[in-house]
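**Student:** Before anything else, here's the structure in question.
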Amino acid sequence: MTSTSPAETAAPAHPLHPDDDGTGGVLSGPWRALTLGIVSVVLLLAFEATAVNTAMPTAAQQLDGIGLYAFAFSAYFTTTLLALVVSGQWCDRGGPIAPLFSGIAVFAAGLVTAGTAVNMWMFVAGRAVQGLGGGLVIVALYVVVGRAFPERLRPAVFAAFSAAWVLPSILGPVISGAVTQHLGWRWVFLAVPVLVLPPLAVMGPALRRSERSRPPRRPAPYDWRRTGDAAMVALGAALLQYAGQRLDGWAVLPAAAGIALMGPAVLRLLPRGTLLAARGLPTVILLRGVAAGAFFASELFIPLMMQTQRGLSVTLAGLTLAPGGLSWAFGSWLQGRPGADRHRAALIRIGFVSTAVAVGGAALVLFPAVPVWVTAAFWAVGGAGMGLAIASISVLMMKLSRPEETGGNSAALQLSDALGNVLLTGLAGVLFAALGGGAVGAAAHGGASLPAGAFAAVFLTMPLVALAGAALSGRATAAGTS
């Protein structure tokens, strides 16, 4: 990725796609196999993400690793930070085929490692390998959208990505719970690698045809400094996670080291002006991290809140989030309707406000008189808002990127997403623990009585973050546009 000024990114030249006659949708002849293939990959990633959340407590308990429970989550996102940058450069140099297929293979290897783990450290290592594969894959998928689909079809493709999360959001907790109970948690991990073969067979030939049709160009030299910066960000994020879990005087040391590593590296990896919300692409990249962090840092605590405060089972607590998956797909579909491009900033703003309302409203279940379905209803509002915002942000990123920068900017977008998750989830964890919540993993397992104030701290802070995103949304487009 080459950093550019807002003026340079405001009006990039997107050549007409050679296979596009201006008619047909993503499931029409030239695009059908590719759409089905990449959506199938997203479907598998989504199922794995939702299923793992259900199986993880049992895995940690049987491996005598409750103390490392949180690391099983953070290890995934930490290695993803490195893989995102590597994938972006790899895609810009040689196209998305090699990083996409390599990422799927690495992801499958991580699943096998976790599924065959004999101790918790091996399990955490498997999750870290999964993060490497997932980071390679997600950037490559974005580049496929930018290179293989004409601009008019990209909103529909991103809507299809969101739709691919619907079934996993509903069925993931149920299937994973049943498999964990009757076959064992290991099969939640070991069954997924077999399922990656059909989508590879479907999209492989179509993707190769698409890449062969592109005119040849000289690849840019690989930037090893950017890879080093990504490694610094990943290590810094890991140190901050560790410091946030200690909550003692010694935590200052790893926290300071983490900030020292991350600060300069993040400034070099993200487009110039991102942290200052410069108009155009920098703000688009920043908003992705704000949206992802505010929403998912809150979502992490909803099942735990429903179990400890309202006595729901693990499966029912997980299903509280299902309406959000459905409404996310609906919101993403709405942003892909004709004429939506004229209102991208407004759609993003509506998405952030909806997220703020949903996170604050979900906490009403802390009052015993409020029925539990209220949280599910509010989470449906938040899911719709995220569908509007995330897909619109992705569309704007593509629109503001030169063709040769699509891989790097896609990596920056995903890097912002991962950073938002790591930092805001870490902040939520610190607030939760400081007000008596203790370790999330231990509480979920031990059935400890958790104070309502610990949850309230999270669900009052994250709406403020979302509202900050709403205030910045007007800077996501060029001056004078909506």
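In the structure tokens, chains take the letters A, B, ... in the order shown, each chain's residues start at 1, and ligands count up from 1 in the order shown.
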Compile the contact shell of A:Leu435 as number ranges by chain: residues with an atom at most 7 Å away, counting only C-alpha atoms, same-chain residues fewer than 3 positions apart removed.
**Tutor:** A: 431-432, 453-454
**Student:** Where does DSSP see alpha helix (DSSP H) in stretch 40-278 of chain A, if you list the residues as a PyMOL selection string?
**Tutor:** chain A and resi 40-62+69-94+97-115+120-148+154-163+166-182+186-190+192-195+197-212+224-246+252-269
**Student:** Would you kindly return, as a ChimeraX atom specification, each protein, DNA or RNA residue with an atom no farther than 12 Å from any atom of A:Arg154, considering only C-alpha atoms and excluding same-chain residues fewer than 4 positions away?
**Tutor:** /A:17,25-26,31,35,141-150,158-161,332-333,335-337,341,391-399
**Student:** Leaving out stretch 252-267 of chain A and any residue of its chain fewer than 3 positions from it, which residues lie within 9 Å of it when counting only C-alpha atoms, given as a ChimeraX atom specification?
**Tutor:** /A:226,228-244,247-249,270-275
**Student:** Can you tell me how far atom CA of A:Ala128 sits from atom CA of A:Gly115, in Å to one decimal?
**Tutor:** 13.1 Å
**Student:** Extract, using only C-alpha atoms, all DNA, RNA and protein residues at most 10 Å from A:Pro282, discarding same-chain residues fewer than 2 positions from it, and format them as a VMD selection string.
**Tutor:** chain A and resid 3 to 6 9 270 to 280 284 to 287 397 400 409 412 to 413 475 to 476
**Student:** Go ahead and compute the interatomic distance for atom CA of A:Thr477 and atom CA of A:Ile348, in Å to one decimal.
**Tutor:**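 Taking atom CA of A:Thr477 and atom CA of A:Ile348, their separation equals 10.7 Å.
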**Student:** Can you pull out every residue within 8 Å of stretch 74-82 of chain A, counting only C-alpha atoms, but drop anything in the same chain fewer than 2 positions away, and send it as a tab-separated table (two decimals) with C-alpha atoms, in the first residue's frame?
**Tutor:**
chain	number	residue	atom	x	y	z
A	70	ALA	CA	-8.39	-15.52	26.99
A	71	PHE	CA	-5.14	-16.20	25.13
A	72	ALA	CA	-6.97	-18.68	22.92
A	84	LEU	CA	-2.93	-9.01	7.01
A	85	VAL	CA	0.09	-6.97	5.97
A	86	VAL	CA	1.88	-9.94	4.42
A	124	VAL	CA	-3.28	-21.73	21.78
A	125	ALA	CA	-0.59	-22.37	19.15
A	127	ARG	CA	-5.38	-20.78	17.29
A	128	ALA	CA	-2.37	-18.61	16.42
A	129	VAL	CA	-1.83	-20.62	13.22
A	130	GLN	CA	-5.53	-20.16	12.42
A	131	GLY	CA	-5.06	-16.41	12.78
A	132	LEU	CA	-2.22	-16.46	10.25
A	133	GLY	CA	-4.39	-18.32	7.75
A	134	GLY	CA	-7.44	-16.18	8.40
A	135	GLY	CA	-5.47	-12.97	7.87
A	136	LEU	CA	-4.11	-14.20	4.54
A	227	THR	CA	6.40	-6.83	7.47
A	230	ALA	CA	3.38	-5.66	11.31
A	231	ALA	CA	5.39	-7.95	13.57
A	233	VAL	CA	2.20	-4.30	16.02
A	234	ALA	CA	1.39	-7.94	16.73
A	235	LEU	CA	3.95	-8.17	19.54
A	237	ALA	CA	-0.81	-5.95	20.91
A	238	ALA	CA	0.13	-9.16	22.72
A	241	GLN	CA	-3.34	-7.87	26.20
A	415	LEU	CA	-5.58	-4.24	10.13
A	418	ALA	CA	-8.14	-6.32	14.05
A	419	LEU	CA	-6.62	-3.42	16.00
A	421	ASN	CA	-10.98	-5.62	18.18
A	422	VAL	CA	-7.77	-6.08	20.16
**Student:** Can you list, as a PyMOL selection string, every protein, DNA or RNA residue that comes within 12 Å of A:Leu300 when you count only C-alpha atoms, leaving out same-chain residues fewer than 2 positions away?
**Tutor:** chain A and resi 50+53-54+70+73+292-298+302-306+317-318+320-321+359+421+424-426+428-429+432+440-441+444+455+458-459
**Student:** Pull N, CA, C and O atoms from the residues just selected and write them as a compact mmCIF listing (two decimals), in the first residue's frame.
**Tutor:**
# COMPACT_ATOMS: atom_id res chain seq x y z
N THR A 50 -18.30 -18.87 14.96
CA THR A 50 -19.42 -19.01 15.88
C THR A 50 -19.35 -20.33 16.66
O THR A 50 -19.72 -20.39 17.83
N ASN A 53 -16.67 -20.34 19.67
CA ASN A 53 -17.09 -19.67 20.89
C ASN A 53 -17.87 -20.60 21.81
O ASN A 53 -17.83 -20.46 23.04
N THR A 54 -18.61 -21.54 21.22
CA THR A 54 -19.38 -22.49 22.02
C THR A 54 -18.50 -23.61 22.56
O THR A 54 -18.65 -24.03 23.71
N ALA A 70 -8.34 -16.76 27.77
CA ALA A 70 -8.39 -15.52 26.99
C ALA A 70 -7.34 -15.52 25.89
O ALA A 70 -7.54 -14.95 24.81
N PHE A 73 -8.32 -16.71 22.44
CA PHE A 73 -8.96 -15.73 21.57
C PHE A 73 -7.96 -14.72 21.05
O PHE A 73 -7.90 -14.43 19.85
N ALA A 292 -15.87 -2.15 14.30
CA ALA A 292 -15.64 -3.53 14.72
C ALA A 292 -15.37 -3.62 16.21
O ALA A 292 -15.93 -4.50 16.91
N GLY A 293 -14.53 -2.73 16.74
CA GLY A 293 -14.19 -2.80 18.15
C GLY A 293 -15.38 -2.55 19.06
O GLY A 293 -15.60 -3.30 20.02
N ALA A 294 -16.18 -1.51 18.77
CA ALA A 294 -17.32 -1.19 19.62
C ALA A 294 -18.34 -2.31 19.65
O ALA A 294 -18.89 -2.66 20.70
N PHE A 295 -18.60 -2.90 18.49
CA PHE A 295 -19.63 -3.94 18.40
C PHE A 295 -19.17 -5.26 19.02
O PHE A 295 -19.84 -5.83 19.88
N PHE A 296 -18.00 -5.73 18.61
CA PHE A 296 -17.57 -7.07 19.03
C PHE A 296 -17.06 -7.08 20.47
O PHE A 296 -17.15 -8.11 21.14
N ALA A 297 -16.52 -5.96 20.96
CA ALA A 297 -16.14 -5.91 22.37
C ALA A 297 -17.36 -6.04 23.25
O ALA A 297 -17.29 -6.58 24.37
N SER A 298 -18.50 -5.56 22.78
CA SER A 298 -19.75 -5.71 23.53
C SER A 298 -20.33 -7.11 23.37
O SER A 298 -20.78 -7.73 24.34
N ILE A 302 -22.10 -10.54 25.98
CA ILE A 302 -23.54 -10.81 26.05
C ILE A 302 -23.85 -12.24 26.48
O ILE A 302 -24.66 -12.46 27.39
N PRO A 303 -23.24 -13.28 25.88
CA PRO A 303 -23.54 -14.63 26.37
C PRO A 303 -23.21 -14.81 27.84
O PRO A 303 -23.96 -15.45 28.59
N LEU A 304 -22.06 -14.27 28.27
CA LEU A 304 -21.68 -14.38 29.67
C LEU A 304 -22.69 -13.67 30.56
O LEU A 304 -23.06 -14.18 31.63
N MET A 305 -23.15 -12.51 30.14
CA MET A 305 -24.15 -11.77 30.91
C MET A 305 -25.46 -12.54 31.00
O MET A 305 -26.08 -12.61 32.08
N MET A 306 -25.87 -13.14 29.90
CA MET A 306 -27.14 -13.88 29.90
C MET A 306 -27.06 -15.13 30.78
O MET A 306 -28.05 -15.53 31.40
N ALA A 317 -27.93 -18.76 25.52
CA ALA A 317 -27.21 -17.50 25.62
C ALA A 317 -26.55 -17.15 24.30
O ALA A 317 -26.55 -15.99 23.87
N GLY A 318 -25.98 -18.15 23.61
CA GLY A 318 -25.39 -17.90 22.32
C GLY A 318 -26.41 -17.51 21.27
O GLY A 318 -26.16 -16.65 20.41
N THR A 320 -28.91 -15.75 21.69
CA THR A 320 -29.32 -14.35 21.86
C THR A 320 -28.73 -13.47 20.76
O THR A 320 -29.32 -12.46 20.37
N LEU A 321 -27.58 -13.88 20.25
CA LEU A 321 -26.90 -13.09 19.22
C LEU A 321 -27.40 -13.38 17.82
O LEU A 321 -27.05 -12.65 16.87
N VAL A 359 -26.09 -1.49 21.77
CA VAL A 359 -25.22 -1.87 22.89
C VAL A 359 -25.80 -1.36 24.21
O VAL A 359 -25.85 -2.09 25.20
N ASN A 421 -10.57 -4.50 17.35
CA ASN A 421 -10.98 -5.62 18.18
C ASN A 421 -10.05 -5.82 19.37
O ASN A 421 -10.49 -5.99 20.51
N LEU A 424 -10.12 -2.39 21.83
CA LEU A 424 -11.38 -2.12 22.53
C LEU A 424 -11.85 -3.32 23.34
O LEU A 424 -12.44 -3.16 24.41
N THR A 425 -11.56 -4.54 22.86
CA THR A 425 -11.86 -5.71 23.68
C THR A 425 -10.97 -5.71 24.92
O THR A 425 -11.42 -6.05 26.03
N GLY A 426 -9.70 -5.30 24.74
CA GLY A 426 -8.83 -5.19 25.91
C GLY A 426 -9.32 -4.15 26.89
O GLY A 426 -9.32 -4.38 28.11
N ALA A 428 -12.44 -3.17 27.26
CA ALA A 428 -13.63 -3.73 27.89
C ALA A 428 -13.25 -4.74 28.98
O ALA A 428 -13.86 -4.77 30.06
N GLY A 429 -12.23 -5.56 28.69
CA GLY A 429 -11.80 -6.54 29.69
C GLY A 429 -11.24 -5.89 30.93
O GLY A 429 -11.48 -6.35 32.05
N PHE A 432 -14.14 -4.45 32.89
CA PHE A 432 -14.92 -5.55 33.48
C PHE A 432 -14.22 -6.12 34.71
O PHE A 432 -14.82 -6.30 35.76
N VAL A 440 -12.79 -13.53 32.39
CA VAL A 440 -13.98 -13.95 31.66
C VAL A 440 -14.07 -15.45 31.57
O VAL A 440 -15.09 -16.08 31.82
N GLY A 441 -12.95 -16.08 31.18
CA GLY A 441 -12.99 -17.52 31.01
C GLY A 441 -13.30 -18.24 32.31
O GLY A 441 -14.10 -19.16 32.36
N ALA A 444 -16.99 -17.84 33.34
CA ALA A 444 -17.91 -18.63 32.53
C ALA A 444 -17.89 -20.07 32.96
O ALA A 444 -18.89 -20.77 32.88
N PHE A 455 -20.60 -5.51 34.03
CA PHE A 455 -21.19 -5.51 32.69
C PHE A 455 -21.61 -4.10 32.28
O PHE A 455 -21.42 -3.69 31.13
N VAL A 458 -18.95 -1.92 30.62
CA VAL A 458 -18.70 -2.21 29.21
C VAL A 458 -19.80 -1.63 28.34
O VAL A 458 -19.55 -0.95 27.33
N PHE A 459 -21.06 -1.85 28.74
CA PHE A 459 -22.19 -1.47 27.90
C PHE A 459 -22.54 0.01 27.99
O PHE A 459 -23.44 0.48 27.29
**Student:** Which residue out of A:Gly177, A:Pro96, A:Pro368, A:Pro155 has the minimum interatomic distance to A:Ser313 when only C-alpha atoms are used?
**Tutor:**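 Answer, going by the shortest atom-to-atom distance: A:Gly177.
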**Student:** Using only C-alpha atoms, find each residue of stretch 105-184 of chain A with at least one atom at most 6 Å away from an atom of stretch 39-48 of chain A; report its shortest atom-to-atom pair and that distance in Å (one decimal), sort the rows by chain and rising residue number, and return the result as CSV.
**Tutor:**
residue,atom,partner,partner_atom,distance
A:Phe161,CA,A:Val39,CA,6.0
A:Ala164,CA,A:Leu43,CA,5.0
A:Trp165,CA,A:Ala46,CA,5.6
A:Pro168,CA,A:Phe47,CA,4.6
A:Gly172,CA,A:Phe47,CA,5.8
**Student:** Find the residue from A:Gln62, A:Gln307, A:Ser87, A:Thr461 that sits nearest to A:Leu319; use only C-alpha atoms when measuring.
**Tutor:**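 Looking at the shortest contact to A:Leu319, the residue is A:Gln307.
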**Student:** For each of A:Ala51, A:Leu423, A:Gly351, A:Val372, take the minimum atom-to-atom distance to A:Leu312, counting only C-alpha atoms, then give the residue where this is smallest.
**Tutor:**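 With only C-alpha atoms as the atom set, the closest residue is A:Val372.
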**Student:** Kindly give the distance, in Å, that separates atom CA of A:Trp373 and atom CA of A:Val465, rounded to a single decimal.
**Tutor:**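 Computing the Euclidean distance for atom CA of A:Trp373 and atom CA of A:Val465 yields 24.8 Å.
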